[in-house]
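Report on the following structure.
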Amino acid sequence: MSIAKLVSVAKAEVGTHESRANGHWVNDSKYNRWLGRIPGYPRDGYGYPWCAAFVAWCADKAGMKALFPKTASCAVGVSWFKNKGRFSAYPAVGAQVFFGNGGGTHTGLVVAYDADTITTVEGNTNGSGGAEGDGVYLKTRRRRDAYVYGYGYPDFVGGSVSADPDAAKYGYKHAKTSKVAEPKPKEYEPFPGAAFFKREPKSPVITAMGKRLVAVGCSAYKDGPGPQWTDADRASYAKWQRKRGFTGTDADGWPGKSTWDALKVPKVS
């Protein structure tokens, strides 16, 4: 699979949130549930920070699971790349970036860089810079910030592009700035408005929506989905809202713009 696929998979997750309880985000996401139980953590083992699990999940979905460490530990990830001789102080497209003391504090994926900044997709972080992570975000960081520890270089077939002057020793090409070409985005159905659903419409858009809900693991259907809006559609959509971190009346099954846009319902021709 291509680096473009990895970047696309990661960016598609931006906006995904972990679960919330008692007014706080609780480190329970589809990424650490995918990774599995880690002994010593509460709540059946899913209460651990999941930034590293997010990177491993993206690699798995992009068909590159052997190229990244499958771990919840940033420190283990640093060691994994260093033991392979594939760790650099310079960014590269598709590299796993590590932050904090010894790289053990936080991690993400580099999707672009220039002379001064890196653009990353990071799990278990937030948009405010606060201590409590809540979801997947697209971030821009200063390359030379002391918080940036270094970069693990996956052994991509055909290499990648890197700001490292010695990029060739990793099988990469040196470039001072770079972006990876991404697949052309698909066209998606625009949000038709809340009133559309409350009219109990019959439309191919409802079928397309239902198929997406099934695809993301939020099906409450016994039959279908089909073009007629039903209670099963509403129950399925409520599952999707809860998966996005909404609770209570915010997860009542009536679609809203933010969850609709995140669902990416394919354009109905």
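Following the order of the structure tokens, chains are lettered A, B, ..., residues in each are numbered from 1, and ligands are numbered from 1.
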
Next on the checklist: Env of Val97 of chain A: 9 Å cut, atoms = only C-alpha atoms, seq-sep filter 3 positions within chain, self excluded. Answer as a list in words.
Outcome noted: Pro91, Gly103, His106, Thr107, Gly108, Leu109, Val110, Thr120, Val148, Tyr149, Gly150, Tyr151, Gly152 and Tyr153 of chain A

Go ahead and save the residues from that selection, with N, CA and C atoms, as a PDB file, in the first residue's frame.
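Saved file out_18.pdb follows:
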```pdb
ATOM      1  N   PRO A  91      12.046  15.293  10.215  1.00  0.00           N
ATOM      2  CA  PRO A  91      10.741  14.745   9.818  1.00  0.00           C
ATOM      3  C   PRO A  91      10.768  14.110   8.441  1.00  0.00           C
ATOM      4  N   GLY A 103      10.977  10.787  24.148  1.00  0.00           N
ATOM      5  CA  GLY A 103       9.946  10.406  23.188  1.00  0.00           C
ATOM      6  C   GLY A 103       8.816   9.610  23.803  1.00  0.00           C
ATOM      7  N   HIS A 106       4.142  11.256  24.048  1.00  0.00           N
ATOM      8  CA  HIS A 106       3.039  11.365  23.083  1.00  0.00           C
ATOM      9  C   HIS A 106       3.580  11.019  21.701  1.00  0.00           C
ATOM     10  N   THR A 107       2.668  10.684  20.763  1.00  0.00           N
ATOM     11  CA  THR A 107       3.104  10.328  19.415  1.00  0.00           C
ATOM     12  C   THR A 107       2.010  10.630  18.402  1.00  0.00           C
ATOM     13  N   GLY A 108       2.386  10.619  17.128  1.00  0.00           N
ATOM     14  CA  GLY A 108       1.452  10.849  16.034  1.00  0.00           C
ATOM     15  C   GLY A 108       2.109  10.506  14.708  1.00  0.00           C
ATOM     16  N   LEU A 109       1.420  10.827  13.632  1.00  0.00           N
ATOM     17  CA  LEU A 109       1.926  10.570  12.278  1.00  0.00           C
ATOM     18  C   LEU A 109       2.200  11.893  11.567  1.00  0.00           C
ATOM     19  N   VAL A 110       3.325  11.983  10.889  1.00  0.00           N
ATOM     20  CA  VAL A 110       3.652  13.166  10.090  1.00  0.00           C
ATOM     21  C   VAL A 110       3.015  13.016   8.716  1.00  0.00           C
ATOM     22  N   THR A 120       0.769  17.065  11.524  1.00  0.00           N
ATOM     23  CA  THR A 120       0.616  15.722  12.076  1.00  0.00           C
ATOM     24  C   THR A 120      -0.858  15.377  12.254  1.00  0.00           C
ATOM     25  N   VAL A 148       9.445  18.174  20.664  1.00  0.00           N
ATOM     26  CA  VAL A 148       9.613  17.193  19.588  1.00  0.00           C
ATOM     27  C   VAL A 148      10.909  16.426  19.817  1.00  0.00           C
ATOM     28  N   TYR A 149      10.779  15.119  20.057  1.00  0.00           N
ATOM     29  CA  TYR A 149      11.954  14.306  20.371  1.00  0.00           C
ATOM     30  C   TYR A 149      12.615  13.741  19.113  1.00  0.00           C
ATOM     31  N   GLY A 150      11.834  13.196  18.196  1.00  0.00           N
ATOM     32  CA  GLY A 150      12.411  12.603  16.988  1.00  0.00           C
ATOM     33  C   GLY A 150      11.387  11.782  16.237  1.00  0.00           C
ATOM     34  N   TYR A 151      11.863  11.069  15.209  1.00  0.00           N
ATOM     35  CA  TYR A 151      10.970  10.435  14.245  1.00  0.00           C
ATOM     36  C   TYR A 151      11.403   9.006  13.931  1.00  0.00           C
ATOM     37  N   GLY A 152      10.437   8.093  13.991  1.00  0.00           N
ATOM     38  CA  GLY A 152      10.663   6.735  13.533  1.00  0.00           C
ATOM     39  C   GLY A 152      10.344   6.632  12.057  1.00  0.00           C
ATOM     40  N   TYR A 153      11.268   6.047  11.303  1.00  0.00           N
ATOM     41  CA  TYR A 153      11.123   5.951   9.849  1.00  0.00           C
ATOM     42  C   TYR A 153      10.691   4.533   9.449  1.00  0.00           C
TER      43      TYR A 153
END
```

Item to check | Pro227 of chain A environment, 10 Å, only C-alpha atoms, sequence neighbours closer than 3 positions dropped, as a VMD selection string | outcome: chain A and resid 201 to 210 224 230 233

Next on the checklist: Would you pick out the contacts of segment 51-53 of chain A at 10 Å or less, using only C-alpha atoms, so that residues sharing its chain but fewer than 6 positions from it are not included, and give the list as a VMD selection string?
Outcome noted: chain A and resid 27 29 to 36 59 68 to 77 96 98 105 to 109 121 to 125 133 135 to 136

Next on the checklist: Between atom CA of Ser19 of chain A and atom CA of Gly256 of chain A, what is the distance in Å, rounded to a tenth?
Outcome noted: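 Taking atom CA of Ser19 of chain A as the start and atom CA of Gly256 of chain A as the end point, the length is 18.6 Å.
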
Which residues, written as a JSON list (two decimals) with all heavy atoms, in the first residue's frame, have at least one atom at most 8 Å from Tyr188 of chain A, with only C-alpha atoms counted and residues fewer than 4 positions away on the same chain left out?
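Result written to out27.json:
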```json
[["chain", "number", "residue", "atom", "x", "y", "z"],
["A", 264, "LYS", "N", -19.50, 10.71, 6.27],
["A", 264, "LYS", "CA", -19.07, 10.63, 4.87],
["A", 264, "LYS", "C", -19.98, 9.73, 4.03],
["A", 264, "LYS", "O", -19.55, 8.71, 3.50],
["A", 264, "LYS", "CB", -17.61, 10.16, 4.79],
["A", 264, "LYS", "CG", -16.60, 11.16, 5.38],
["A", 264, "LYS", "CD", -15.18, 10.68, 5.21],
["A", 264, "LYS", "CE", -14.18, 11.75, 5.61],
["A", 264, "LYS", "NZ", -14.30, 12.19, 7.00],
["A", 265, "VAL", "N", -21.21, 10.15, 3.92],
["A", 265, "VAL", "CA", -22.20, 9.43, 3.10],
["A", 265, "VAL", "C", -21.89, 9.69, 1.63],
["A", 265, "VAL", "O", -21.86, 10.84, 1.19],
["A", 265, "VAL", "CB", -23.63, 9.90, 3.43],
["A", 265, "VAL", "CG1", -24.65, 9.20, 2.53],
["A", 265, "VAL", "CG2", -23.95, 9.66, 4.90],
["A", 266, "PRO", "N", -21.65, 8.65, 0.84],
["A", 266, "PRO", "CA", -21.28, 8.86, -0.57],
["A", 266, "PRO", "C", -22.39, 9.59, -1.33],
["A", 266, "PRO", "O", -23.59, 9.41, -1.07],
["A", 266, "PRO", "CB", -21.10, 7.44, -1.11],
["A", 266, "PRO", "CG", -20.83, 6.61, 0.09],
["A", 266, "PRO", "CD", -21.61, 7.22, 1.21],
["A", 267, "LYS", "N", -21.97, 10.40, -2.27],
["A", 267, "LYS", "CA", -22.91, 11.14, -3.11],
["A", 267, "LYS", "C", -23.79, 10.18, -3.87],
["A", 267, "LYS", "O", -23.34, 9.22, -4.49],
["A", 267, "LYS", "CB", -22.13, 12.02, -4.09],
["A", 267, "LYS", "CG", -22.98, 12.98, -4.90],
["A", 267, "LYS", "CD", -23.40, 14.18, -4.09],
["A", 267, "LYS", "CE", -24.11, 15.21, -4.95],
["A", 267, "LYS", "NZ", -24.60, 16.34, -4.13]]
```

Checklist entry - DSSP on the backbone: what in segment 141-244 of chain A comes out strand (DSSP E or B), as a PyMOL selection string? => result chain A and resi 141-142+148-152+161-162+173-174+178-179+188+202+228

Checklist entry - Using only C-alpha atoms, which residues sit within 10 Å of Gly193 of chain A once same-chain residues fewer than 2 positions away are excluded, as a PyMOL selection string? => result chain A and resi 190-191+195-198+255-257+260

Checklist entry - Any idea what the distance is between atom CA of Val14 of chain A and atom CA of Lys173 of chain A? => result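 These atoms are spaced 28.0 Å apart.
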
Checklist entry - Which parts of segment 14-126 of chain A does DSSP call alpha helix (DSSP H) when run on the backbone here, written out as number ranges by chain? => result A: 30-35, 51-61, 74-83

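Proximity to Asp28 of chain A at 6 Å, evaluated using only C-alpha atoms and with sequence-adjacent residues fewer than 6 positions away removed, yields Glu18, Ser19, Tyr46 and Gly47 of chain A.
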
For N, CA, C and O atoms, I'd like the residues from the last selection saved as a PDB file, in the first residue's frame.
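The result, stored in result-v7.pdb:
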```
ATOM      1  N   GLU A  18     -13.021   9.836  21.843  1.00  0.00           N
ATOM      2  CA  GLU A  18     -13.142   8.734  22.781  1.00  0.00           C
ATOM      3  C   GLU A  18     -14.447   8.882  23.560  1.00  0.00           C
ATOM      4  O   GLU A  18     -15.186   9.861  23.401  1.00  0.00           O
ATOM      5  N   SER A  19     -14.733   7.915  24.420  1.00  0.00           N
ATOM      6  CA  SER A  19     -15.948   7.954  25.227  1.00  0.00           C
ATOM      7  C   SER A  19     -15.827   9.001  26.336  1.00  0.00           C
ATOM      8  O   SER A  19     -14.736   9.389  26.740  1.00  0.00           O
ATOM      9  N   TYR A  46      -9.219  -0.849  29.136  1.00  0.00           N
ATOM     10  CA  TYR A  46      -9.310   0.103  28.037  1.00  0.00           C
ATOM     11  C   TYR A  46      -9.159   1.556  28.496  1.00  0.00           C
ATOM     12  O   TYR A  46      -9.440   2.474  27.777  1.00  0.00           O
ATOM     13  N   GLY A  47      -8.684   1.758  29.718  1.00  0.00           N
ATOM     14  CA  GLY A  47      -8.549   3.110  30.229  1.00  0.00           C
ATOM     15  C   GLY A  47      -7.162   3.683  30.056  1.00  0.00           C
ATOM     16  O   GLY A  47      -6.777   4.598  30.780  1.00  0.00           O
TER      17      GLY A  47
END
```

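Here the question is which of A:Ala232, A:Ala163, A:Ala4, A:Ala215 gets nearest to Asp116 of chain A using only C-alpha atoms, and that residue is A:Ala163.
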
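Taking only C-alpha atoms into account, Phe246 of chain A lies nearest to A:Ala21 out of the set A:Leu263, A:Ala220, A:Ala21, A:Ala167.
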